[in-house]
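Participant: Take a look at the following structure, please.
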Amino acid sequence: MPRIAEQELLVTGGVDTHADTHMAAAVDQVGRVLGTEQFPATAAGYRAALAWLRGHGELAKVGVEGTGSYGAGLACYLAGQGAEVVEVIRPNRQARRRRGKSDAADAVAAALAALNGEASGQPKSHDGAAESIRMLRVARCGAVKARTKAGNQLRDLVVTAPETLRQQLAGLPRERQVELAARFRPGDLAGPAEGAKAAMASIARRYQELTAEIARLDAALGELLTRAAPKEFMAKKGVATQVAATLLATVGDNPGRVRKETSFAALCGASPVDASSGKQERHRLNRGGDRQANSALWRIVMTRMSCDPRTKTYVARRSAEGKTKKEIIRCLKRYVAREIYKALCRRGQPGRPPAA
């Protein structure tokens with residue numbers, strides 16, 4: 001039987017991540033700081049950081065800040081090397097105000113949070129189709145915003161254009177305005193009318209290019225969803241391409257990290273938060289979580305409220321009980337979150353094609 005002095009020391013690591021460098025810290029089982037060290041945010045730096053942490057003893061786990069941004073690459077590397085990685089939220093501001101702010105202090109705080117169990121969430125693996133879906137959605141959202149901006153600019157130019165142009169375009173649907181403006185061939189730009197034509201044509205062609213880009217991204221998302229999303233999930237009423245892509249990106253490529261249905265509801269901001277005090281017992285709206293996932297649940301609920309008989313019956317019953325429309329929608333979002341959890345997190349792994 002090995003003596004206590006011969007047993008290998010258990011070490012917990014913590015990393016404060018940044019764009020160019022990462023600060024690592026190591027603590028023992030009772031929270032004593034064994035050291036801090038800075039490493040570059042590169043593949044070589046990841047290897048050096050892991051070797052440094054393991055050089056202090058047996059590595060139990062590593063708490064990493066920003067696993068969805070600056071720490072994504074490090075978290076993936078550590079997980080690939082067999083290290084247990086937990087996601088650490090930013091340090092408590094009150095505690096930071098008392099003890100000051102530094103990268104080394106944040107790294108130690110991350111290690112202590114992983115040691116005492118305060119940080120226990122498993123980060124996304126970022127290694128499957130769900131990550132591709134997330135990135136394509138980022139590109140699509142940017143294109144949609146740019147197209148909306150272009151459409152608003154064209155509308156404003158029509159309002160202030162010379163009378164001949166304004167009569168030609170005013171009152172037409174947006175798509176028809178874009179089609180006509182894209183055909184303009186301006187002459188001498190010194191005249192206000194020709195300058196307006198040049199500006200409108202530029203904006204209209206940009207609008208058309210963005211529309212084509214959005215269509216290409218929608219096609220790519222549809223293809224990925226066909227391969228990655230469970231059929232049971234896609235068959236649910238109210239779940240279409242954009243809703244499905246949003247929820248798959250929220251769950252990630254390792255759905256097993258969401259262990260409970262209540263955790264998924266909290267992740268989507270659809271879980272009521274206890275706000276009781278003294279004799280008063282009540283719950284308040286959860287304003288946290290992934291707001292895009294919350295919006296996806298809202299879309300499902302609104303679709304079902306308009307065309308699903310069972311949902312219509314539920315709405316009528318709760319309305320008769322005195323519930324407001326907002327309260328009913330919150331209840332329905334909670335029920336929908338339970339359905340989505342069973343379809344995405346209990347079956348297969350979204351983001352990974354099923355095995356043949």
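Going by the structure tokens order, chains are called A, B, ..., each with residues numbered from 1, while ligands are numbered from 1 in the order shown.
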Would you list the contacts of Ser102 of chain A as a count of residues only, taking every protein, DNA or RNA residue within 12 Å and counting only C-alpha atoms, but skipping same-chain residues closer than 3 positions in sequence?

Facilitator: 12

Participant: With distances taken over only C-alpha atoms, which residue among A:Gly14, A:Gly289, A:Pro173, A:Pro255 lies nearest Cys268 of chain A?

Facilitator: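 For Cys268 of chain A, the nearest of the given residues is A:Gly289.
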
Participant: Applying 10 Å and only C-alpha atoms, which residues near Arg346 of chain A remain after dropping the ones on its own chain fewer than 6 positions away? List them as a PyMOL selection string.

Facilitator: chain A and resi 255-256+258-261+340

Participant: Only C-alpha atoms, please: the residues just picked out, written as a JSON list (two decimals), in the first residue's frame.

Facilitator:
```
[["chain", "number", "residue", "atom", "x", "y", "z"],
["A", 255, "PRO", "CA", -26.18, 17.01, -26.38],
["A", 256, "GLY", "CA", -25.28, 14.77, -23.46],
["A", 258, "VAL", "CA", -27.54, 18.93, -21.10],
["A", 259, "ARG", "CA", -28.34, 16.29, -18.51],
["A", 260, "LYS", "CA", -31.84, 17.35, -17.43],
["A", 261, "GLU", "CA", -34.92, 18.69, -19.09],
["A", 340, "ILE", "CA", -37.54, 19.57, -27.83]]
```

Participant: Given only C-alpha atoms as the basis, pick out the residue of A:Arg205, A:Lys231, A:Arg318, A:Lys197 nearest to Glu175 of chain A.

Facilitator: A:Arg205

Participant: Considering only C-alpha atoms, return as a ChimeraX atom specification whatever protein or nucleic-acid residues lie within 12 Å of Lys326 of chain A, sequence-local ones (same chain, fewer than 5 positions apart) excluded.

Facilitator: /A:285,298,301-302,315,318-319,331-333

Participant: Go ahead and save the residues from that selection, with C-alpha atoms, as a CSV table (one decimal), in the first residue's frame.

Facilitator:
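Heads up, here's the output in out-v4.csv:
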```csv
chain,number,residue,atom,x,y,z
A,285,LEU,CA,-39.8,35.5,-15.8
A,298,TRP,CA,-41.8,31.5,-29.2
A,301,VAL,CA,-45.8,28.4,-29.8
A,302,MET,CA,-47.2,31.1,-32.1
A,315,VAL,CA,-55.3,28.5,-24.7
A,318,ARG,CA,-56.2,28.8,-19.5
A,319,SER,CA,-57.9,32.0,-20.7
A,331,CYS,CA,-46.4,28.1,-20.1
A,332,LEU,CA,-46.5,26.8,-23.7
A,333,LYS,CA,-42.8,27.6,-24.2
```
